[in-house]
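Have a look at run-v3.tsv below; it lists TSV, C-alpha atoms.
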```tsv
chain	number	residue	atom	x	y	z
S	1	MET	CA	0.00	0.00	0.00
S	2	THR	CA	1.12	3.58	-0.74
S	3	ASP	CA	1.00	6.69	1.43
S	4	THR	CA	-2.64	7.20	0.46
S	5	SER	CA	-4.88	7.63	3.51
S	6	THR	CA	-6.86	4.66	4.79
S	7	LYS	CA	-10.57	4.48	5.51
S	8	CYS	CA	-12.45	1.73	7.27
S	9	GLY	CA	-16.12	1.28	8.11
S	10	VAL	CA	-19.04	-1.10	8.55
S	11	VAL	CA	-21.91	-1.61	6.12
S	12	ALA	CA	-24.94	-3.56	7.36
S	13	VAL	CA	-26.74	-5.40	4.57
S	14	LEU	CA	-30.40	-5.80	5.50
S	15	GLY	CA	-33.35	-7.24	3.61
S	16	ALA	CA	-36.23	-9.70	3.68
S	17	PRO	CA	-35.19	-13.36	3.36
S	18	ASN	CA	-34.01	-14.26	-0.15
S	19	ALA	CA	-33.57	-10.66	-1.33
S	20	GLY	CA	-30.09	-11.58	-2.61
S	21	LYS	CA	-27.98	-10.29	0.30
S	22	SER	CA	-25.34	-13.02	0.17
S	23	THR	CA	-25.02	-12.68	-3.61
S	24	LEU	CA	-24.49	-8.94	-3.21
S	25	VAL	CA	-21.89	-9.38	-0.45
S	26	ASN	CA	-20.00	-11.82	-2.65
S	27	ALA	CA	-20.20	-9.38	-5.61
S	28	LEU	CA	-18.85	-6.49	-3.52
S	29	VAL	CA	-16.03	-8.59	-2.06
S	30	GLY	CA	-15.16	-10.08	-5.43
S	31	GLN	CA	-15.21	-13.68	-4.25
S	32	LYS	CA	-17.37	-16.06	-2.32
S	33	VAL	CA	-17.68	-15.54	1.44
S	34	ALA	CA	-21.33	-15.70	2.39
S	35	ILE	CA	-23.25	-18.83	1.49
S	36	VAL	CA	-25.75	-18.43	-1.32
S	37	SER	CA	-28.82	-20.62	-1.34
S	38	ALA	CA	-32.29	-20.62	-2.82
S	39	LYS	CA	-33.74	-21.37	0.63
S	40	ALA	CA	-34.62	-18.34	2.71
S	41	GLN	CA	-32.96	-17.76	6.10
S	42	THR	CA	-29.76	-19.66	5.34
S	43	THR	CA	-27.47	-16.99	6.78
S	44	ARG	CA	-27.44	-17.66	10.50
S	45	ALA	CA	-24.19	-16.29	11.78
S	46	ARG	CA	-23.14	-12.69	11.23
S	47	MET	CA	-20.92	-13.73	8.36
S	48	LEU	CA	-18.69	-10.85	7.34
S	49	GLY	CA	-17.31	-10.08	3.96
S	50	ILE	CA	-14.46	-7.61	3.64
S	51	ALA	CA	-14.49	-5.47	0.50
S	52	LEU	CA	-11.49	-3.40	-0.53
S	53	HIS	CA	-11.80	-0.22	-2.58
S	54	GLU	CA	-8.78	1.69	-3.84
S	55	ASN	CA	-8.51	5.05	-5.54
S	56	ASP	CA	-6.07	7.99	-5.57
S	57	ASP	CA	-7.56	9.58	-2.43
S	58	ALA	CA	-7.86	6.61	-0.10
S	59	ASN	CA	-7.64	2.86	0.28
S	60	THR	CA	-10.87	1.77	1.90
S	61	GLN	CA	-11.79	-1.39	3.75
S	62	MET	CA	-15.52	-2.06	4.12
S	63	ILE	CA	-16.68	-4.64	6.64
S	64	LEU	CA	-19.89	-6.05	5.23
S	65	VAL	CA	-22.21	-7.47	7.84
S	66	ASP	CA	-24.36	-9.94	5.97
S	67	THR	CA	-27.26	-10.11	8.39
S	68	PRO	CA	-29.73	-12.95	8.68
S	69	GLY	CA	-32.98	-12.21	6.88
S	70	ILE	CA	-35.25	-10.38	9.28
S	71	PHE	CA	-38.59	-12.12	9.58
S	72	ALA	CA	-41.30	-12.69	12.17
S	73	PRO	CA	-39.54	-14.86	14.80
S	74	LYS	CA	-41.42	-17.86	16.17
S	75	ARG	CA	-38.85	-20.19	17.68
S	76	ARG	CA	-35.80	-19.43	19.78
S	77	LEU	CA	-33.53	-20.01	16.78
S	78	ASP	CA	-35.55	-17.46	14.79
S	79	ARG	CA	-35.39	-14.92	17.62
S	80	ALA	CA	-31.62	-15.30	17.87
S	81	MET	CA	-31.25	-14.77	14.12
S	82	VAL	CA	-33.38	-11.60	14.15
S	83	SER	CA	-31.50	-10.28	17.18
S	84	ALA	CA	-28.20	-10.86	15.35
S	85	ALA	CA	-29.51	-8.98	12.32
S	86	TRP	CA	-30.36	-5.82	14.24
S	87	GLU	CA	-27.11	-5.98	16.20
S	88	GLY	CA	-25.32	-6.03	12.87
S	89	ALA	CA	-26.93	-2.71	11.96
S	90	GLU	CA	-26.19	-0.95	15.24
S	91	SER	CA	-22.60	0.13	14.77
S	92	ALA	CA	-22.79	0.53	10.99
S	93	ASP	CA	-21.56	3.56	9.06
S	94	ALA	CA	-24.19	2.80	6.43
S	95	VAL	CA	-27.26	0.55	6.40
S	96	LEU	CA	-28.11	-0.89	3.04
S	97	LEU	CA	-31.66	-2.17	2.48
S	98	LEU	CA	-31.75	-4.67	-0.36
S	99	VAL	CA	-35.16	-5.28	-1.95
S	100	ASP	CA	-36.21	-7.89	-4.48
S	101	PRO	CA	-38.72	-5.92	-6.61
S	102	ILE	CA	-40.22	-9.07	-8.08
S	103	LYS	CA	-40.98	-11.19	-5.01
S	104	GLN	CA	-41.01	-8.21	-2.63
S	105	ARG	CA	-42.15	-10.40	0.33
S	106	ARG	CA	-44.25	-7.57	1.71
S	107	HIS	CA	-45.11	-9.31	5.00
S	108	GLU	CA	-41.39	-9.30	5.81
S	109	LEU	CA	-40.43	-6.06	4.09
S	110	GLU	CA	-43.01	-3.86	5.83
S	111	PRO	CA	-41.90	-4.49	9.47
S	112	LEU	CA	-38.32	-3.92	8.29
S	113	ILE	CA	-39.24	-0.58	6.70
S	114	GLU	CA	-41.05	0.50	9.89
S	115	GLN	CA	-38.05	-0.26	12.10
S	116	LEU	CA	-35.58	1.21	9.64
S	117	ALA	CA	-37.48	4.52	9.55
S	118	GLN	CA	-36.67	5.02	13.27
S	119	ARG	CA	-32.94	4.38	12.95
S	120	PRO	CA	-30.26	7.10	12.90
S	121	GLU	CA	-27.73	5.47	10.57
S	122	LYS	CA	-27.30	6.63	6.97
S	123	LYS	CA	-29.69	4.48	4.92
S	124	ILE	CA	-29.27	3.41	1.31
S	125	LEU	CA	-32.00	1.71	-0.73
S	126	VAL	CA	-30.82	-0.90	-3.23
S	127	LEU	CA	-33.30	-2.44	-5.65
S	128	ASN	CA	-31.96	-5.73	-6.94
S	129	LYS	CA	-32.65	-7.80	-10.09
S	130	VAL	CA	-32.79	-4.88	-12.56
S	131	ASP	CA	-31.80	-7.41	-15.22
S	132	ILE	CA	-35.23	-9.05	-15.02
S	133	ALA	CA	-37.53	-6.44	-13.40
S	134	LYS	CA	-39.77	-4.11	-15.46
S	135	LYS	CA	-38.78	-0.45	-15.31
S	136	GLU	CA	-42.09	1.27	-14.42
S	137	PRO	CA	-43.01	-0.90	-11.39
S	138	LEU	CA	-39.36	-0.63	-10.26
S	139	LEU	CA	-39.47	3.19	-10.21
S	140	ALA	CA	-42.90	3.15	-8.54
S	141	LEU	CA	-41.56	0.85	-5.79
S	142	ALA	CA	-38.52	3.11	-5.24
S	143	GLN	CA	-40.84	6.11	-4.88
S	144	GLU	CA	-43.16	4.29	-2.49
S	145	LEU	CA	-40.35	3.08	-0.19
S	146	SER	CA	-38.67	6.50	-0.22
S	147	ALA	CA	-41.86	8.05	1.09
S	148	LYS	CA	-41.66	5.77	4.15
S	149	VAL	CA	-37.93	5.92	4.95
S	150	ASP	CA	-35.49	8.77	4.54
S	151	PHE	CA	-33.03	7.04	2.20
S	152	ALA	CA	-29.90	9.09	1.46
S	153	GLU	CA	-29.47	7.37	-1.90
S	154	ILE	CA	-31.16	4.82	-4.16
S	155	TYR	CA	-29.36	2.33	-6.41
S	156	PHE	CA	-30.68	-0.06	-9.05
S	157	ILE	CA	-28.47	-3.13	-9.42
S	158	SER	CA	-28.27	-6.78	-10.35
S	159	ALA	CA	-26.19	-8.62	-7.73
S	160	LEU	CA	-26.13	-11.61	-10.07
S	161	THR	CA	-24.83	-9.91	-13.25
S	162	GLY	CA	-22.88	-7.20	-11.42
S	163	ASP	CA	-24.83	-4.41	-13.14
S	164	GLY	CA	-24.61	-1.25	-10.99
S	165	VAL	CA	-22.48	-2.95	-8.30
S	166	THR	CA	-19.34	-0.88	-9.08
S	167	GLU	CA	-21.26	2.40	-8.65
S	168	LEU	CA	-22.75	1.16	-5.39
S	169	LYS	CA	-19.31	0.11	-4.12
S	170	ASP	CA	-17.87	3.55	-5.00
S	171	ALA	CA	-20.68	5.26	-3.10
S	172	LEU	CA	-20.30	3.03	-0.03
S	173	ALA	CA	-16.53	3.62	0.04
S	174	ALA	CA	-17.13	7.37	-0.04
S	175	GLU	CA	-19.25	7.05	3.13
S	176	MET	CA	-16.61	5.26	5.19
S	177	PRO	CA	-14.75	7.25	7.86
S	178	GLU	CA	-10.99	7.69	7.90
S	179	GLY	CA	-9.22	5.13	10.05
S	180	GLU	CA	-6.88	2.17	10.26
S	181	TRP	CA	-7.93	-1.07	8.59
S	182	MET	CA	-9.42	-3.65	10.95
S	183	TYR	CA	-8.19	-6.67	8.98
S	184	PRO	CA	-5.05	-7.58	7.01
S	185	GLU	CA	-5.24	-6.87	3.28
S	186	ASP	CA	-5.40	-10.52	2.26
S	187	GLN	CA	-8.22	-11.48	4.63
S	188	VAL	CA	-11.58	-11.39	2.88
S	189	SER	CA	-13.67	-12.87	5.65
S	190	ASP	CA	-13.37	-13.00	9.41
S	191	ALA	CA	-15.03	-16.39	9.41
S	192	SER	CA	-12.41	-18.90	10.38
S	193	GLU	CA	-11.77	-21.70	7.92
S	194	ARG	CA	-13.67	-24.04	10.22
S	195	LEU	CA	-16.83	-21.95	10.15
S	196	LEU	CA	-16.53	-21.37	6.42
S	197	ALA	CA	-16.20	-25.13	5.95
S	198	THR	CA	-19.41	-25.81	7.89
S	199	GLU	CA	-21.24	-23.09	5.93
S	200	ILE	CA	-20.22	-24.68	2.63
S	201	THR	CA	-21.41	-28.12	3.74
S	202	ARG	CA	-24.68	-26.58	4.94
S	203	GLU	CA	-25.16	-24.86	1.61
S	204	GLN	CA	-24.80	-28.22	-0.17
S	205	LEU	CA	-27.25	-29.75	2.29
S	206	TYR	CA	-29.88	-27.19	1.29
S	207	ARG	CA	-29.01	-27.21	-2.38
S	208	GLN	CA	-29.27	-30.98	-2.74
S	209	LEU	CA	-32.22	-31.65	-0.45
S	210	HIS	CA	-34.38	-28.57	-1.18
S	211	GLU	CA	-37.83	-29.12	0.28
S	212	GLU	CA	-37.14	-32.50	1.84
S	213	LEU	CA	-35.11	-31.11	4.73
S	214	PRO	CA	-36.53	-28.33	6.90
S	215	TYR	CA	-34.45	-25.70	8.66
S	216	ASP	CA	-34.02	-27.95	11.67
S	217	SER	CA	-30.55	-28.90	10.60
S	218	MET	CA	-27.06	-27.63	11.30
S	219	VAL	CA	-23.46	-28.59	10.61
S	220	ARG	CA	-21.02	-28.74	13.53
S	221	PRO	CA	-17.26	-28.62	13.17
S	222	GLU	CA	-15.68	-31.58	14.99
S	223	LYS	CA	-12.03	-31.87	13.95
S	224	TYR	CA	-9.76	-29.78	11.76
S	225	VAL	CA	-6.39	-31.45	11.27
S	226	GLU	CA	-3.47	-30.04	9.29
S	227	ARG	CA	-1.71	-32.96	7.61
S	228	LYS	CA	2.04	-33.05	7.01
S	229	ASP	CA	1.57	-33.09	3.23
S	230	GLY	CA	-0.12	-29.66	3.39
S	231	SER	CA	-3.65	-30.99	2.99
S	232	VAL	CA	-6.34	-30.58	5.62
S	233	GLU	CA	-8.61	-33.17	7.21
S	234	ILE	CA	-12.06	-31.88	8.20
S	235	HIS	CA	-14.59	-33.82	10.27
S	236	GLN	CA	-18.15	-32.49	10.53
S	237	GLN	CA	-21.39	-33.61	12.09
S	238	ILE	CA	-24.71	-32.92	10.38
S	239	ILE	CA	-27.42	-32.58	13.02
S	240	VAL	CA	-31.09	-33.06	12.24
S	241	ALA	CA	-34.12	-33.11	14.53
S	242	ARG	CA	-35.59	-36.51	13.64
S	243	ASP	CA	-34.48	-39.96	12.58
S	244	ASN	CA	-36.43	-39.89	9.30
S	245	GLN	CA	-34.52	-36.70	8.40
S	246	ARG	CA	-31.31	-38.57	9.10
S	247	MET	CA	-32.33	-41.17	6.51
S	248	ILE	CA	-33.07	-38.39	3.98
S	249	VAL	CA	-29.58	-36.90	4.44
S	250	LEU	CA	-27.92	-40.32	4.13
S	251	GLY	CA	-29.91	-41.28	1.03
S	252	LYS	CA	-30.21	-44.76	-0.44
S	253	GLY	CA	-27.08	-46.70	0.40
S	254	GLY	CA	-25.41	-43.48	1.61
S	255	SER	CA	-25.62	-41.96	-1.89
S	256	LYS	CA	-26.93	-38.52	-0.81
S	257	ILE	CA	-24.35	-37.83	1.90
S	258	LYS	CA	-21.63	-38.95	-0.51
S	259	SER	CA	-22.85	-36.45	-3.10
S	260	ILE	CA	-23.10	-33.63	-0.50
S	261	GLY	CA	-19.60	-34.42	0.77
S	262	GLN	CA	-18.08	-34.53	-2.70
S	263	ALA	CA	-19.53	-31.15	-3.76
S	264	ALA	CA	-18.54	-29.49	-0.45
S	265	ARG	CA	-15.03	-30.96	-0.63
S	266	GLU	CA	-14.46	-29.72	-4.20
S	267	GLU	CA	-15.59	-26.19	-3.32
S	268	LEU	CA	-13.50	-26.14	-0.13
S	269	SER	CA	-10.38	-27.32	-1.97
S	270	GLU	CA	-10.81	-24.49	-4.45
S	271	LEU	CA	-11.41	-21.87	-1.72
S	272	LEU	CA	-8.56	-22.97	0.53
S	273	GLY	CA	-6.21	-23.66	-2.35
S	274	ARG	CA	-5.23	-27.12	-1.12
S	275	LYS	CA	-6.43	-30.70	-0.92
S	276	VAL	CA	-9.28	-31.33	1.53
S	277	HIS	CA	-10.29	-34.65	3.12
S	278	LEU	CA	-13.89	-34.20	4.31
S	279	PHE	CA	-15.61	-36.67	6.65
S	280	LEU	CA	-19.33	-36.26	7.35
S	281	HIS	CA	-21.64	-38.13	9.65
S	282	VAL	CA	-25.29	-37.54	10.54
S	283	LYS	CA	-26.85	-37.47	13.98
S	284	ALA	CA	-30.50	-37.03	15.00
S	285	THR	CA	-30.86	-34.86	18.12
S	286	GLU	CA	-34.45	-33.99	18.90
S	287	ASN	CA	-34.14	-30.63	20.67
S	288	TRP	CA	-30.83	-29.36	19.31
S	289	ALA	CA	-32.36	-25.90	18.69
S	290	GLU	CA	-32.77	-25.52	22.48
S	291	ASP	CA	-29.08	-26.14	23.15
S	292	LYS	CA	-27.11	-23.04	24.19
S	293	GLU	CA	-23.76	-24.45	23.07
S	294	MET	CA	-25.06	-25.06	19.57
S	295	PHE	CA	-26.08	-21.41	19.32
S	296	GLU	CA	-22.64	-20.25	20.34
S	297	GLU	CA	-21.10	-22.50	17.70
S	298	MET	CA	-23.27	-20.77	15.08
S	299	GLY	CA	-22.09	-17.36	16.29
S	300	LEU	CA	-25.52	-16.46	17.67
S	301	ASP	CA	-26.50	-15.09	21.06
S	302	TRP	CA	-28.75	-17.18	23.27
S	303	VAL	CA	-32.10	-15.34	23.12
S	304	ARG	CA	-34.90	-16.37	25.45
```

Would you give me this structure, written as structure tokens?
Amino acid sequence: MTDTSTKCGVVAVLGAPNAGKSTLVNALVGQKVAIVSAKAQTTRARMLGIALHENDDANTQMILVDTPGIFAPKRRLDRAMVSAAWEGAESADAVLLLVDPIKQRRHELEPLIEQLAQRPEKKILVLNKVDIAKKEPLLALAQELSAKVDFAEIYFISALTGDGVTELKDALAAEMPEGEWMYPEDQVSDASERLLATEITREQLYRQLHEELPYDSMVRPEKYVERKDGSVEIHQQIIVARDNQRMIVLGKGGSKIKSIGQAAREELSELLGRKVHLFLHVKATENWAEDKEMFEEMGLDWVR
């Protein structure tokens, strides 16, 4: 780095479940950090992405807090996720509200808008999926939401194609305060390799089992062993709530868990840049979502 000044700040990425938050975080960072899944509410921990922005004036580090989708909480796990989402917004230099103009998910978007209107942070509205949304309804939605919340700026982007993401990144960087960087230049995520490894396995779990497996599942890190040849040995436990779910994850003759493990291992090898030996086993634990330790492992606070 040169003598250029440094800036560092926090951007909270909020939105209804499935608005495309993880895809946007990955687009801003320039590589994969947050898990992306077609199932809503997959982001449980406050997974951070770290985006770097350099120009002649300053080198900026933006800590992106990819918050869990905020929705009406019913169970303790839900309440912990919602609590984590608002905590993520509290110390932010900018709060970015990402909206899917096509699905909208009004029942989840409205409470979010109401709470956001009361908050002091600088708020930016980002309408996603401009590549497939019709222009007139998009502008009407922007106008409607702006009437409810005092947004400093509005951006139209496609997190998937990258359209408009550069402009958004420039604007976010301009908002960050001057200060020392919080993380080393080469560190794109504060999630340890262990946590990232469990997130990738969990993403495959959702991707390959879709509707068959409800949210009552988690992946626990068990062992992480550095081998002498430079490869890494990772042992994980997939926890489900019931025995019949265990059979679904295993699949006929163990075929499903083999497929999940293979896909997760390939992605992990690519991300970590070395050979990965991944060992998965499945356990049915009826009330795992009531276990305080499990919450701490997921990076969530125990919420009564």

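Shortest separation to S:Arg274 among S:Lys123, S:Arg105, S:Lys21, S:Arg227 occurs at residue S:Arg227, atoms counted being only C-alpha atoms.
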
**Study point:** Residue nearest S:Ser158 - candidates S:Lys283, S:His235, S:Lys129, S:Lys103, atoms counted: only C-alpha atoms
**Key:** S:Lys129

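Counting only C-alpha atoms, the residue from S:Val130, S:Val11, S:Leu24, S:Ala58 that sits nearest to S:Ile102 is S:Val130.
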
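The nearest approach to S:Ile238 among the residues S:Glu203, S:Glu211, S:Glu114, S:Glu266, with all atoms listed in the file taken into account, belongs to S:Glu203.
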